[in-house]
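Written below as structure tokens is the structure these notes are about.
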Amino acid sequence: MNKQAEKLLSIWWFFVLGVIAGGIVIGVLIYSSADVNIKEVESNVLAERIIDCLIDNGNLKEDIFEENFNILDFCNLNSRVFGVGSNFYFNISVYDSEKLIFNVSKGSLSFEEDCKIQEEVDAKHFPRCSEKQEIALFNDKNVRLIILAASNQNGKKISVI
Amino acid sequence: MRKNKKAKIVMETLIFLVLNLVFFVVMLIFAYSSGDREFVYEQTLSKEIALIIDNSKPTMIISLDISKYIEIAEKNKQPIEKIVKLNKEENRVGVNLKQKGGSSYQYFSDSNVSIELEKNLLLIYIKEKNE
């Protein structure tokens, strides 16, 4: 093999090594930046928790119709977490036949619209939502509860807590 | 003259081999050190604990086996009592498996939460808010 061909071969060899190195680095970076997404599970947990707190043995608790009713205190939810700029949202609607008899929303109210968009388009940074319906007894009548819960929490990287 | 030429060829081959060896050693070290990406584990544990807290009710005690995480923390010389921390002001669970950095996740439950480490088990105490 002449000298020129040898040089050319070693240049190609190092080029191939570079490509392999690049592939390994990209693969590792993709792996290490992987995100464990639990938004959907979290919105499910929130919806279940609200249902569990409002319905007791199939009966809708009467407390929700009291004047100073506070859903966050009642369901043991932290008021700061559901404050301004919250990563969470929920809406509770109670229907007697088709008539809305109770409605309350907490958290980031814009998530309700985002949930509708999310149904149509899969957007990475949009909240994940969970809608649950339950039938409960109230004053010997069947009422329908619709709970919409959403979470858009990504978690934080921290240096020191 | 001929001897000189031979020495040059040997030298070139040697340099070529050394460079290749360096490349593979660097790649092996990089791949090995990337295998234990703590951040993924930190994320997983903080989210797992936050979900447990949100899914539980007052007067529950939940025990979680974190031996896998303790192993990683010990490898990084992180004291095991500093692996999981609660920030009650912000309702956050923080997990640090190495001395710098970490991951935190917020829980929405308003219960009074406290944690305790017992050997390889993380005990999560869920109490009433004012307890």
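Note on naming: chains are A, B, ... as they come in the structure tokens, residues start from 1 per chain, ligands start from 1 in the order shown.
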
Each residue of chain B lying at most 6 Å from chain A should get a row with its shortest atom-to-atom pair and the distance in Å to one decimal, counting only C-alpha atoms; could you produce that, ordered by chain and increasing number, as a tab-separated table?
residue	atom	partner	partner_atom	distance
B:Lys100	CA	A:Ser159	CA	5.9
B:Gly101	CA	A:Ser159	CA	4.1
B:Gly102	CA	A:Ile158	CA	5.0
B:Ser103	CA	A:Lys157	CA	4.6
B:Ser104	CA	A:Lys156	CA	5.1
B:Tyr105	CA	A:Gly155	CA	4.7
B:Phe108	CA	A:Asn78	CA	5.6
B:Ser109	CA	A:Leu77	CA	4.8
B:Asp110	CA	A:Asn78	CA	4.5

Do a neighbour search on Ile72 of chain B at 10 Å with only C-alpha atoms, toss out local chain neighbours closer than 2 positions, and write the hits as a list in words. Asp36, Arg37, Glu38, Tyr41, Ser67, Lys68, Tyr69, Ile70, Glu74, Lys75, Asn76, Lys77, Gln78, Ile80, Leu97 and Lys98 of chain B

Dump C-alpha atoms for the selected residues as a CSV table (one decimal), in the first residue's frame?
chain,number,residue,atom,x,y,z
B,36,ASP,CA,-25.4,5.8,36.9
B,37,ARG,CA,-27.2,8.9,36.0
B,38,GLU,CA,-28.3,9.9,39.4
B,41,TYR,CA,-33.1,8.1,40.1
B,67,SER,CA,-32.0,0.4,49.4
B,68,LYS,CA,-31.2,0.9,45.7
B,69,TYR,CA,-31.0,4.7,46.3
B,70,ILE,CA,-28.9,4.3,49.4
B,74,GLU,CA,-23.1,5.8,49.4
B,75,LYS,CA,-21.2,5.5,46.2
B,76,ASN,CA,-21.4,9.3,45.9
B,77,LYS,CA,-20.4,9.8,49.5
B,78,GLN,CA,-23.8,11.5,50.3
B,80,ILE,CA,-28.0,8.7,53.9
B,97,LEU,CA,-28.2,11.2,45.8
B,98,LYS,CA,-25.0,13.2,45.3

Go ahead and compute the interatomic distance for atom CA of Leu109 of chain A and atom CA of Ser130 of chain A, in Å to one decimal.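 According to the coordinates, atom CA of Leu109 of chain A and atom CA of Ser130 of chain A are separated by 14.9 Å.
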
From segment 73-110 of chain B, collect each residue whose DSSP state is strand (DSSP E or B) and return the set as a CSV table (one decimal) with N, CA and C atoms, in the first residue's frame.
chain,number,residue,atom,x,y,z
B,84,VAL,N,-33.4,12.1,51.4
B,84,VAL,CA,-34.7,12.6,51.2
B,84,VAL,C,-34.9,13.8,52.2
B,85,LYS,N,-35.4,14.9,51.7
B,85,LYS,CA,-35.7,16.0,52.6
B,85,LYS,C,-37.1,16.5,52.3
B,86,LEU,N,-37.8,17.0,53.3
B,86,LEU,CA,-39.1,17.6,53.1
B,86,LEU,C,-39.0,19.1,53.3
B,87,ASN,N,-39.6,19.9,52.4
B,87,ASN,CA,-39.7,21.3,52.5
B,87,ASN,C,-41.2,21.6,52.8
B,92,ARG,N,-42.7,20.4,49.3
B,92,ARG,CA,-41.9,19.7,48.3
B,92,ARG,C,-41.1,18.6,48.9
B,93,VAL,N,-40.9,17.5,48.1
B,93,VAL,CA,-40.0,16.4,48.5
B,93,VAL,C,-38.7,16.6,47.7
B,94,GLY,N,-37.6,16.7,48.3
B,94,GLY,CA,-36.3,16.8,47.6
B,94,GLY,C,-35.5,15.5,47.8
B,95,VAL,N,-34.9,15.1,46.7
B,95,VAL,CA,-34.0,13.9,46.8
B,95,VAL,C,-32.6,14.3,46.2
B,103,SER,N,-33.2,16.7,42.9
B,103,SER,CA,-34.5,16.8,42.2
B,103,SER,C,-35.6,17.0,43.3
B,104,SER,N,-36.6,17.9,43.0
B,104,SER,CA,-37.7,18.0,44.0
B,104,SER,C,-39.0,18.0,43.3
B,105,TYR,N,-40.0,17.6,44.0
B,105,TYR,CA,-41.4,17.5,43.4
B,105,TYR,C,-42.4,18.0,44.5
B,106,GLN,N,-43.4,18.7,44.0
B,106,GLN,CA,-44.4,19.2,45.0
B,106,GLN,C,-45.6,18.2,45.2
B,109,SER,N,-51.1,17.5,49.0
B,109,SER,CA,-51.8,17.2,50.3
B,109,SER,C,-51.4,18.2,51.4

To one decimal place, how far is atom CA of Gly23 of chain A from atom CA of Val26 of chain B in Å? 14.1 Å

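Residues lying within 12 Å of Ser110 of chain A, counting only C-alpha atoms and ignoring same-chain neighbours fewer than 5 positions away, are Val84, Gly85, Ser86, Asn87, Phe88, Tyr89, Phe90, Asn91, Ser105, Cys115, Lys116, Ile117, Phe126, Pro127, Ala150, Ser151 and Asn152 of chain A.
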
Just the alpha helix (DSSP H) stuff from segment 5-155 of chain A, please, per backbone DSSP, written as a compact mmCIF listing (two decimals) with N, CA and C atoms, in the first residue's frame.
# COMPACT_ATOMS: atom_id res chain seq x y z
N ALA A 5 -2.22 6.39 0.27
CA ALA A 5 -3.41 5.58 0.60
C ALA A 5 -3.49 5.30 2.10
N GLU A 6 -2.33 5.07 2.71
CA GLU A 6 -2.27 4.79 4.14
C GLU A 6 -2.78 5.98 4.96
N LYS A 7 -2.33 7.19 4.55
CA LYS A 7 -2.74 8.42 5.25
C LYS A 7 -4.25 8.60 5.15
N LEU A 8 -4.75 8.38 3.91
CA LEU A 8 -6.18 8.55 3.66
C LEU A 8 -7.01 7.58 4.53
N LEU A 9 -6.49 6.37 4.65
CA LEU A 9 -7.18 5.34 5.44
C LEU A 9 -7.23 5.73 6.92
N SER A 10 -6.12 6.27 7.44
CA SER A 10 -6.13 6.63 8.86
C SER A 10 -7.04 7.83 9.12
N ILE A 11 -7.12 8.76 8.13
CA ILE A 11 -8.06 9.89 8.30
C ILE A 11 -9.48 9.35 8.38
N TRP A 12 -9.82 8.41 7.48
CA TRP A 12 -11.17 7.83 7.49
C TRP A 12 -11.43 7.06 8.78
N TRP A 13 -10.40 6.40 9.23
CA TRP A 13 -10.52 5.62 10.47
C TRP A 13 -10.90 6.55 11.64
N PHE A 14 -10.21 7.70 11.74
CA PHE A 14 -10.52 8.63 12.82
C PHE A 14 -11.89 9.29 12.63
N PHE A 15 -12.28 9.44 11.37
CA PHE A 15 -13.62 9.98 11.09
C PHE A 15 -14.68 8.99 11.61
N VAL A 16 -14.45 7.70 11.34
CA VAL A 16 -15.38 6.67 11.80
C VAL A 16 -15.43 6.66 13.33
N LEU A 17 -14.26 6.78 13.96
CA LEU A 17 -14.22 6.82 15.43
C LEU A 17 -15.02 8.03 15.95
N GLY A 18 -14.88 9.15 15.28
CA GLY A 18 -15.62 10.38 15.66
C GLY A 18 -17.11 10.15 15.59
N VAL A 19 -17.55 9.48 14.51
CA VAL A 19 -18.98 9.21 14.35
C VAL A 19 -19.47 8.29 15.48
N ILE A 20 -18.67 7.27 15.81
CA ILE A 20 -19.05 6.35 16.90
C ILE A 20 -19.15 7.12 18.23
N ALA A 21 -18.13 7.97 18.47
CA ALA A 21 -18.12 8.74 19.72
C ALA A 21 -19.36 9.64 19.79
N GLY A 22 -19.65 10.30 18.66
CA GLY A 22 -20.83 11.18 18.61
C GLY A 22 -22.09 10.41 18.92
N GLY A 23 -22.21 9.23 18.34
CA GLY A 23 -23.39 8.39 18.57
C GLY A 23 -23.55 8.02 20.03
N ILE A 24 -22.44 7.62 20.64
CA ILE A 24 -22.49 7.24 22.07
C ILE A 24 -22.89 8.44 22.93
N VAL A 25 -22.26 9.60 22.66
CA VAL A 25 -22.55 10.80 23.45
C VAL A 25 -24.02 11.21 23.30
N ILE A 26 -24.53 11.21 22.07
CA ILE A 26 -25.93 11.58 21.84
C ILE A 26 -26.86 10.61 22.57
N GLY A 27 -26.55 9.32 22.46
CA GLY A 27 -27.37 8.29 23.13
C GLY A 27 -27.42 8.50 24.63
N VAL A 28 -26.24 8.77 25.20
CA VAL A 28 -26.17 8.97 26.66
C VAL A 28 -26.94 10.23 27.05
N LEU A 29 -26.78 11.30 26.26
CA LEU A 29 -27.48 12.55 26.58
C LEU A 29 -28.99 12.37 26.53
N ILE A 30 -29.46 11.62 25.54
CA ILE A 30 -30.91 11.36 25.43
C ILE A 30 -31.38 10.60 26.67
N TYR A 31 -30.58 9.61 27.06
CA TYR A 31 -30.95 8.80 28.23
C TYR A 31 -30.97 9.66 29.50
N SER A 32 -29.92 10.49 29.67
CA SER A 32 -29.82 11.23 30.92
C SER A 32 -30.82 12.37 31.00
N LYS A 39 -47.58 13.39 35.24
CA LYS A 39 -48.67 14.37 35.29
C LYS A 39 -50.04 13.70 35.24
N GLU A 40 -50.17 12.71 34.36
CA GLU A 40 -51.46 12.06 34.18
C GLU A 40 -51.87 11.29 35.44
N VAL A 41 -50.91 10.59 36.01
CA VAL A 41 -51.17 9.83 37.25
C VAL A 41 -51.58 10.81 38.35
N GLU A 42 -50.87 11.93 38.41
CA GLU A 42 -51.11 12.92 39.44
C GLU A 42 -52.52 13.53 39.31
N SER A 43 -52.94 13.81 38.08
CA SER A 43 -54.28 14.38 37.89
C SER A 43 -55.34 13.34 38.27
N ASN A 44 -55.04 12.08 38.00
CA ASN A 44 -55.94 10.99 38.40
C ASN A 44 -56.07 10.91 39.91
N VAL A 45 -54.93 11.01 40.58
CA VAL A 45 -54.91 10.95 42.06
C VAL A 45 -55.73 12.11 42.63
N LEU A 46 -55.55 13.28 42.05
CA LEU A 46 -56.28 14.47 42.53
C LEU A 46 -57.79 14.28 42.37
N ALA A 47 -58.20 13.80 41.19
CA ALA A 47 -59.64 13.59 40.94
C ALA A 47 -60.21 12.54 41.91
N GLU A 48 -59.47 11.45 42.09
CA GLU A 48 -59.92 10.38 43.01
C GLU A 48 -60.04 10.90 44.44
N ARG A 49 -59.05 11.71 44.80
CA ARG A 49 -59.02 12.25 46.16
C ARG A 49 -60.25 13.13 46.42
N ILE A 50 -60.61 13.94 45.43
CA ILE A 50 -61.77 14.82 45.57
C ILE A 50 -63.06 14.00 45.66
N ILE A 51 -63.16 13.00 44.80
CA ILE A 51 -64.36 12.13 44.85
C ILE A 51 -64.46 11.47 46.22
N ASP A 52 -63.34 10.96 46.68
CA ASP A 52 -63.30 10.27 47.97
C ASP A 52 -63.70 11.20 49.11
N CYS A 53 -63.38 12.47 48.95
CA CYS A 53 -63.67 13.42 50.04
C CYS A 53 -65.10 13.93 49.98
N LEU A 54 -65.69 13.96 48.79
CA LEU A 54 -67.05 14.51 48.68
C LEU A 54 -68.15 13.46 48.82
N ILE A 71 -63.44 24.19 49.83
CA ILE A 71 -63.13 22.87 49.28
C ILE A 71 -61.70 22.42 49.62
N LEU A 72 -60.77 23.38 49.66
CA LEU A 72 -59.38 23.00 49.92
C LEU A 72 -59.21 22.47 51.35
N ASP A 73 -59.81 23.19 52.31
CA ASP A 73 -59.74 22.72 53.70
C ASP A 73 -60.48 21.39 53.85
N PHE A 74 -61.64 21.34 53.22
CA PHE A 74 -62.49 20.15 53.37
C PHE A 74 -61.82 18.89 52.83
N PHE A 111 -56.02 26.06 32.77
CA PHE A 111 -55.80 24.65 32.45
C PHE A 111 -57.04 24.00 31.84
N GLU A 112 -58.22 24.56 32.16
CA GLU A 112 -59.45 23.96 31.63
C GLU A 112 -59.44 24.01 30.10
N GLU A 113 -59.05 25.18 29.58
CA GLU A 113 -58.95 25.32 28.12
C GLU A 113 -57.82 24.43 27.58
N ASP A 114 -56.71 24.44 28.33
CA ASP A 114 -55.54 23.63 27.90
C ASP A 114 -55.90 22.15 27.80
N CYS A 115 -56.76 21.71 28.71
CA CYS A 115 -57.17 20.29 28.68
C CYS A 115 -57.92 19.98 27.39
N LYS A 116 -58.76 20.94 26.96
CA LYS A 116 -59.52 20.72 25.71
C LYS A 116 -58.56 20.65 24.52
N ILE A 117 -57.56 21.54 24.55
CA ILE A 117 -56.58 21.55 23.45
C ILE A 117 -55.77 20.25 23.47
N GLN A 118 -55.40 19.84 24.67
CA GLN A 118 -54.60 18.62 24.85
C GLN A 118 -55.31 17.39 24.29
N GLU A 119 -56.65 17.42 24.37
CA GLU A 119 -57.43 16.30 23.81
C GLU A 119 -57.25 16.18 22.30
N GLU A 120 -57.10 17.37 21.66
CA GLU A 120 -56.99 17.39 20.21
C GLU A 120 -55.54 17.20 19.75

Figure out the distance between atom CA of Ala149 of chain A and atom CA of Val104 of chain A, please, to one decimal in Å.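 We find that atom CA of Val104 of chain A and atom CA of Ala149 of chain A lie 11.9 Å from each other.
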
Fewer than 6 positions away in the same chain doesn't count, so skip those; otherwise give me all residues within 6 Å of segment 119-123 of chain B, counting only C-alpha atoms, as an MDAnalysis selection string. chainID B and resid 62:67

Would you save the residues from that selection as an mmCIF file, in the first residue's frame, using N, CA and C atoms?
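Result file result_13.cif:
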data_model
loop_
_atom_site.group_PDB
_atom_site.id
_atom_site.type_symbol
_atom_site.label_atom_id
_atom_site.label_comp_id
_atom_site.auth_asym_id
_atom_site.auth_seq_id
_atom_site.Cartn_x
_atom_site.Cartn_y
_atom_site.Cartn_z
ATOM 1 N N ILE B 62 -46.401 4.841 55.879
ATOM 2 C CA ILE B 62 -46.031 4.082 54.675
ATOM 3 C C ILE B 62 -44.536 3.800 54.712
ATOM 4 N N SER B 63 -44.176 2.552 54.446
ATOM 5 C CA SER B 63 -42.740 2.254 54.410
ATOM 6 C C SER B 63 -42.326 1.943 52.974
ATOM 7 N N LEU B 64 -41.215 2.543 52.596
ATOM 8 C CA LEU B 64 -40.740 2.432 51.218
ATOM 9 C C LEU B 64 -39.290 1.940 51.238
ATOM 10 N N ASP B 65 -39.027 0.868 50.515
ATOM 11 C CA ASP B 65 -37.669 0.324 50.458
ATOM 12 C C ASP B 65 -36.818 1.171 49.504
ATOM 13 N N ILE B 66 -35.805 1.836 50.063
ATOM 14 C CA ILE B 66 -34.975 2.688 49.199
ATOM 15 C C ILE B 66 -33.514 2.193 49.158
ATOM 16 N N SER B 67 -33.335 0.886 49.329
ATOM 17 C CA SER B 67 -31.959 0.352 49.372
ATOM 18 C C SER B 67 -31.168 0.660 48.096
#

Which of these, A:Ala136, A:Cys129, A:Val121, A:Leu100, has the shortest distance to Glu62 of chain A once you count only C-alpha atoms?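 The closest residue to Glu62 of chain A is A:Ala136.
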